[in-house]
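Asks: The structure is given below, and queries will be raised subsequently.
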Amino acid sequence: MEAGNKSDNFWYKDVVFYELHVRTFCDSNGDGVGDFKGLTTKLDYLQWLDVDCIWLLPFYPSPLKDDGYDVSDFYSIHPDLGTIEDFRVFVHEAHKRGIKVIVDLVFNHVSSEHSWFKEARSHPESQKKSWFIWSDTNKKNISARIIFSDTEKSNWAWDDEAKAYYWHRFYGYQPDLNYDNPEVREEMKNVMRFWLDTGIDGFRCDAVPYIFDRDGTSSENLPETHLFFREGRKMLDEEYPGRILLAEVNQWPTEAISYFGNGDEFHMLFNFPLMPRIFIALAKEHYQPVADIINQTKSIPEACQWAIFLRNHDELTLEMTNDEERDVMWREYAKHPKMRFNLGIRRRLAPLADNDRLRIELLYGLLFSLPGSPLIYYGDELGMGDNIFLGDRNGVRTPMQWSPDKNAGFSSADSEQLYLPVITNPNYHYEAINVYAEKRLPYSLLNWMKNVIGIRKQKKAFGRGYIEILKPSNTKILAFIREYDDERILCIFNLSRHAQYFELNLGQYAGMIPVEMFGNTNFPAIKKEPYSFTLTGHRFMWFELRKNTSV
Ligand code: GLC
């Protein structure tokens with residue numbers, strides 16, 4: 001990359017992200033827990049799959065009550081996962097293969113086991129006291145919603161040692177940091193510097209909207225919160241150019257977009273409003289839910305980019321849906337009460353699609369062609385199943401399935417010793433759903449995924465292009481054009497389970513040839529009149545519109 005070449009600094013617009021948990025990816029020392037040494041041995045696989053940027057879930061020391069999002073030391077690695085040296089080797093080896101690395105950073109809170117909190121609660125004069133938010137009543141700031149509504153009754157928790165309540169937006173054992181204190185703000189910037197100095201390419205910033213709180217408000221998206229991250233961005237641009245900030249901002253479109261600032265806040269945001277609407281469109285067999293949200297989220301500053309995803313390590317969150325939409329989702333995708341979690345659905349992608357290969361491909365077809373950089377959640381490239389009977393969101397965090405061998409090739413430990421059990425449900429048994437088996441079958445989901453990633457990478461329009469949603473003659477069809485420089489791609493999706501006929505008005509492209517991108521097959525030239533298509537149930541197609549050079 002040439003220094004000073006601004007457009008090269010937009011690397012994040014062309015990437016495919018891969019989210020993984022070190023703990024459940026590959027265990028190198030047979031203790032039942034994945035580690036950095038194990039992960040490093042699997043980088044060749046990720047390079048083969050052709051993903052470009054790994055997002056690591058929290059790997060810091062932690063009592064692991066919230067799977068590592070309860071951090072007890074920001075400057076170190078959880079001993080089960082290895083050492084800082086192992087981490088450095090991993091980053092170096094990833095970079096050698098052209099793979100970038102971003103790490104999760106939990107800004108909003110720490111574990112109650114963190115030394116900062118232990119010191120704060122220990123006596124009233126403690127230097128760390130003001131690093132947290134205390135009150136002698138739990139009646140303040142009650143307009144802030146409770147996010148983990150299944151388990152938490154209040155955002156205040158009583159601390160016997162401090163004899164006061166402390167503020168927490170998530171689990172009770174995750175006290176919020178007090179960002180009104182400049183020491184806290186400075187410390188978190190130092191944490192950023194510490195990890196940036198290891199050579200990583202940026203951060204996935206956790207729980208961004210909640211870091212400041214003000215009585216009488218929702219305590220979300222406050223101006224102070226934007227200011228803090230703009231300062232963080234400035235530091236990044238000045239001291240570590242080319243690194244990125246990707247935010248978890250689970251908000252409605254207008255609020256979410258505000259976190260891009262004028263291109264001077266976050267480089268990227270997850271498109272939380274879009275994600276559930278992809279599933280709603282499929283359930284309703286109607287293009288409108290996706291079309292509406294794309295139209296609301298397509299105008300963002302040039303330097304910014306959405307990260308788009310179907311599933312991640314959390315529940316399929318429905319916080320940003322209305323009652324009607326939520327009912328559709330629960331009815332269609334959470335038929336068993338155990339599938340629900342807080343306001344969402346704790347399931348992996350394949351089970352959400354009832355393991356229907358056509359529906360899985362359709363969902364990925366959308367993910368890989370709608371505006372943004374797509375994210376794959378580890379194991380979903382294989383069609384891994386889940387286990388809704390494990391607690392919290394652990395059912396979607398089970399070990400990666402590498403082979404039909406013991407423990408799915410994840411670990412040589414006794415199976416009872418594994419961090420989480422492997423999936424043995426007959427429909428998703430690891431003996432069939434694994435990297436080894438799927439690599440050998442040319443038409444496996446895994447090989448299909450590798451292929452679709454490769455096709456996407458042929459065209460910059462997918463990552464950088466403008467989108468125009470077309471008006472199909474049939475509402476069961478979603479159709480759009482992606483356009484960038486002289487590239488034009490037409491994408492059509494049949495959201496219905498049955499075959500559909502439809503026409504598209506493509507008059508402005510008259511004379512061009514649609515070339516189907518998976519087979520490089522020419523279709524009849526576009527004319528002024530509407531172009532007609534037939535798609536069988538849950539099928540999609542991408543066409544490159546090429547100039548007709550034969551006339
Ligand atoms: C974020 C994480 C989630 C975690 C929560 C509280 O939303 O994605 O897994 O439970 O923060 O730390």
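By convention in this document, the chains of the structure tokens carry letters A, B, ... by their order, each chain's residues are numbered from 1, and ligands are numbered from 1 in the order they are shown.
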Select from chain A every residue with an atom at most 6 Å from any atom of ligand 1, then for each give the shortest pair of atoms and their distance in Å to one decimal, using only C-alpha atoms and all ligand atoms, rows by chain and rising number, as a tab-separated table.

Replies:
```
residue	atom	partner	partner_atom_place_in_ligand_line	distance
A:Asp66	CA	ligand 1	10 (O)	5.6
A:Tyr69	CA	ligand 1	12 (O)	4.5
A:Phe170	CA	ligand 1	6 (C)	5.4
A:Asp206	CA	ligand 1	1 (C)	5.5
A:Ala207	CA	ligand 1	1 (C)	5.3
A:Asp314	CA	ligand 1	9 (O)	5.3
```

Asks: Env of Tyr287 (chain A): 7 Å cut, atoms = only C-alpha atoms, seq-sep filter 5 positions within chain, self excluded. Answer as a list in words.

Replies: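 Counting only C-alpha atoms, the residues come to Ala281, Thr475, Lys476, Ile477 and Leu478 of chain A.
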
Asks: Write to file, as a short mmCIF file (atom, residue, chain, number, x, y, z; two decimals), in the first residue's frame, the residues of the selection just made, with C-alpha atoms.

Replies:
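Below is the file again_23.cif, written as the result:
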```cif
data_model
loop_
_atom_site.label_atom_id
_atom_site.label_comp_id
_atom_site.auth_asym_id
_atom_site.auth_seq_id
_atom_site.Cartn_x
_atom_site.Cartn_y
_atom_site.Cartn_z
CA ALA A 281 -38.60 -10.40 3.64
CA THR A 475 -43.56 -8.24 -5.22
CA LYS A 476 -42.01 -11.63 -4.40
CA ILE A 477 -38.94 -10.52 -6.31
CA LEU A 478 -36.15 -8.31 -5.01
#
```

Asks: Just to confirm, what's the straight-line distance from CA of Asp213 (chain A) to CA of Ala157 (chain A) in Å (one decimal)?

Replies: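 Straight-line distance from CA of Asp213 (chain A) to CA of Ala157 (chain A) works out to 15.6 Å.
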
Asks: Would you compute the distance between CA of Asn447 (chain A) and CA of Arg397 (chain A)? Give it in Å to one decimal.

Replies: 22.5 Å

Asks: Find the residues near region 136-141 of chain A: any atom within 7 Å, counting only C-alpha atoms, skip ones fewer than 4 places away on the same chain, and give them as a ChimeraX atom specification.

Replies: /A:156,164-165,214-216

Asks: Taking only C-alpha atoms into account, which of A:Asn108, A:Gln47, A:Asn427, A:Ser373 comes nearest Arg456 (chain A)?

Replies: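 Smallest separation from Arg456 (chain A) among the options: A:Ser373.
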
Asks: Among region 169-249 of chain A, which residues does DSSP mark as strand (DSSP E) when it is run on the backbone? Keep the chain and numbering as in the structure and answer as a PyMOL selection string.

Replies: chain A and resi 202-206+244-247

Asks: Closest to Ala510 (chain A) among A:Lys338, A:Asn548, A:Cys26, A:Leu535, using only C-alpha atoms?

Replies: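 Closest to Ala510 (chain A) of all the choices is A:Asn548.
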